[in-house]
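**Student:** This is the structure, below, for whatever I ask next.
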Amino acid sequence: MTKEKIYRLSPYGNCLVVNGVVGGNNNQIRKIKLLVDTGSSYTVIRSSLINSIGYATQQSLSSVKIATAGGILNAPMTRVSWFSCLGQQINNCAVVAYNLPSITYMEGLLGMDFMNNFPMIIYPQKAEIRVKLFNQE
């Protein structure tokens with residue numbers, strides 16, 4: 001039997017914002033606000049936030065090329081202990097560390113690398129995401 005859980009989003013202009021949580025070194029936990037971005041291949045979290053919970057973004061796994069309004073740039077890919085959003089958690093999760101423009105109050109972007117792991121439907125008009133849950137029977 002399949003059920004779904006509805007997660008309410010916060011409108012921000014024509015965009016939608018969702019709450020997430022990231023786990024840092026030494027059991028640090030940080031609640032964050034993320035822009036739902038189906039145009040982003042990667043989940044992005046501010047470099048300053050990643051550094052503040054005990055990770056060294058200058059010692060990243062690798063770097064990835066990302067397209068921004070200002071052009072293409074390289075950004076570090078870092079692993080965090082875990083990342084949780086929309087009731088789903090990924091342990092040892094790879095995220096891009098990049099400082100978004102300071103005019104946004106978000107700490108990052110929820111990208112397709114996370115959303116593709118879980119069956120979900122986004123309803124922009126209702127400002128909600130429905131995540132399918134599967135019972136273990």
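Lettering and numbering for the structure tokens are positional, with chains as A, B, ... in the shown order, residues counted from 1 in each chain, and ligands counted from 1 in the shown order.
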Which residues in stretch 16-73 of chain A does DSSP call strand (DSSP E)? List them as a PyMOL selection string.
**Tutor:** chain A and resi 16-23+29-36+44-45+62-68+71-73
**Student:** Show me a table, sorted first by chain and then by increasing residue number, of the residues of stretch 91-125 of chain A having an atom at most 12 Å from stretch 2-12 of chain A, each with its shortest atom pair and the distance in Å to one decimal, counting only C-alpha atoms and written as CSV.
**Tutor:**
residue,atom,partner,partner_atom,distance
A:Thr104,CA,A:Tyr12,CA,9.7
A:Tyr105,CA,A:Tyr12,CA,9.8
A:Met106,CA,A:Tyr12,CA,10.0
A:Phe118,CA,A:Glu4,CA,11.5
A:Pro119,CA,A:Glu4,CA,9.6
A:Met120,CA,A:Glu4,CA,8.7
A:Ile121,CA,A:Ile6,CA,9.6
A:Ile122,CA,A:Tyr7,CA,9.7
A:Tyr123,CA,A:Leu9,CA,9.6
A:Pro124,CA,A:Leu9,CA,8.9
A:Gln125,CA,A:Pro11,CA,9.8
**Student:** Convert the current residue selection to file output with C-alpha atoms, as an mmCIF file, in the first residue's frame.
**Tutor:**
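Contents of the output file result-v5.cif:
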data_model
loop_
_atom_site.group_PDB
_atom_site.id
_atom_site.type_symbol
_atom_site.label_atom_id
_atom_site.label_comp_id
_atom_site.auth_asym_id
_atom_site.auth_seq_id
_atom_site.Cartn_x
_atom_site.Cartn_y
_atom_site.Cartn_z
ATOM 1 C CA THR A 104 18.744 35.653 -0.186
ATOM 2 C CA TYR A 105 17.860 34.414 3.273
ATOM 3 C CA MET A 106 18.315 30.795 2.204
ATOM 4 C CA PHE A 118 12.631 9.733 -3.578
ATOM 5 C CA PRO A 119 9.267 9.582 -5.383
ATOM 6 C CA MET A 120 7.730 13.034 -5.014
ATOM 7 C CA ILE A 121 5.465 15.490 -6.754
ATOM 8 C CA ILE A 122 5.819 19.257 -6.472
ATOM 9 C CA TYR A 123 2.642 21.350 -6.528
ATOM 10 C CA PRO A 124 3.801 24.959 -7.002
ATOM 11 C CA GLN A 125 0.265 26.417 -6.897
#
**Student:** Can you check which residues of chain A DSSP gives as alpha helix (DSSP H) on the backbone and send them as a list in words?
**Tutor:**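 Of chain A, the ones in alpha helix (DSSP H) are Ser47, Ser48, Leu49, Ile50, Asn51, Ser52, Met112, Asp113, Phe114 and Met115 of chain A.
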**Student:** How far is it from atom CA of A:Thr68 to atom CA of A:Val44, in Å with one decimal?
**Tutor:** 12.3 Å
**Student:** Have a look at atom CA of A:Arg30 and atom CA of A:Leu49 and let me know their distance in Å, one decimal.
**Tutor:**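 The value is 8.5 Å.
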**Student:** Tell me, as a short mmCIF file (atom, residue, chain, number, x, y, z; two decimals) with N, CA and C atoms, in the first residue's frame, which residues lie within 12 Å of A:Gly111, counting only C-alpha atoms; anything in the same chain fewer than 5 positions away does not count.
**Tutor:**
data_model
loop_
_atom_site.label_atom_id
_atom_site.label_comp_id
_atom_site.auth_asym_id
_atom_site.auth_seq_id
_atom_site.Cartn_x
_atom_site.Cartn_y
_atom_site.Cartn_z
N VAL A 18 11.98 25.23 1.46
CA VAL A 18 11.73 24.07 2.31
C VAL A 18 12.77 24.05 3.43
N LEU A 34 16.14 26.02 2.40
CA LEU A 34 16.63 25.73 1.06
C LEU A 34 15.61 26.12 0.01
N LEU A 35 16.08 26.70 -1.05
CA LEU A 35 15.24 27.00 -2.20
C LEU A 35 15.06 25.69 -2.98
N VAL A 36 13.82 25.30 -3.28
CA VAL A 36 13.56 24.12 -4.10
C VAL A 36 13.94 24.48 -5.53
N ASP A 37 14.95 23.79 -6.08
CA ASP A 37 15.49 24.19 -7.38
C ASP A 37 15.60 22.98 -8.30
N THR A 38 14.56 22.75 -9.10
CA THR A 38 14.58 21.62 -10.04
C THR A 38 15.55 21.87 -11.19
N GLY A 39 16.07 23.08 -11.31
CA GLY A 39 17.06 23.39 -12.33
C GLY A 39 18.49 23.18 -11.86
N SER A 40 18.65 22.83 -10.58
CA SER A 40 19.98 22.60 -10.03
C SER A 40 20.27 21.10 -9.98
N SER A 41 21.37 20.70 -10.58
CA SER A 41 21.76 19.29 -10.54
C SER A 41 22.17 18.86 -9.14
N TYR A 42 22.68 19.83 -8.36
CA TYR A 42 23.25 19.51 -7.05
C TYR A 42 22.54 20.24 -5.93
N THR A 43 22.57 19.63 -4.75
CA THR A 43 22.16 20.31 -3.53
C THR A 43 23.34 21.17 -3.10
N VAL A 44 23.05 22.44 -2.82
CA VAL A 44 24.08 23.42 -2.50
C VAL A 44 23.83 23.96 -1.10
N ILE A 45 24.89 24.05 -0.29
CA ILE A 45 24.80 24.65 1.04
C ILE A 45 25.91 25.69 1.14
N CYS A 85 15.78 16.17 4.59
CA CYS A 85 14.81 17.12 4.07
C CYS A 85 13.57 16.34 3.62
N ALA A 94 26.87 13.92 -0.28
CA ALA A 94 27.71 14.89 -1.02
C ALA A 94 26.87 16.13 -1.32
N VAL A 95 27.43 17.30 -0.99
CA VAL A 95 26.79 18.59 -1.28
C VAL A 95 27.83 19.53 -1.86
N VAL A 96 27.36 20.50 -2.62
CA VAL A 96 28.24 21.54 -3.14
C VAL A 96 28.29 22.67 -2.12
N ASN A 116 15.81 13.27 -6.75
CA ASN A 116 15.69 12.07 -7.59
C ASN A 116 15.77 10.77 -6.81
N ASN A 117 16.16 10.82 -5.55
CA ASN A 117 16.24 9.62 -4.72
C ASN A 117 14.90 9.16 -4.16
#
**Student:** Residues near A:Val64, anyone? I mean within 9 Å using only C-alpha atoms, not counting same-chain ones fewer than 2 positions away, as a list in words.
**Tutor:**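 What passes the distance filter is Ser62, Ile66, Leu73, Asn74, Ala75, Pro76, Met77 and Val96 of chain A.
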**Student:** Kindly give the distance, in Å, that separates atom CA of A:Asn19 and atom CA of A:Gly87, rounded to a single decimal.
**Tutor:**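 That distance, rounded to one decimal, is 10.1 Å.
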**Student:** Determine, counting only C-alpha atoms, which protein, DNA and RNA residues have an atom within 8 Å of an atom of stretch 52-61 of chain A; residues of the same chain fewer than 2 positions away are not included. Present the result as a list in words.
**Tutor:**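 Everything that qualifies: Gly23, Gly24, Asn25, Asn26, Gln28, Ile29, Arg30, Ser47, Ser48, Leu49, Ile50, Ser63, Pro76, Met77, Thr78, Arg79, Val80 and Ala97 of chain A.
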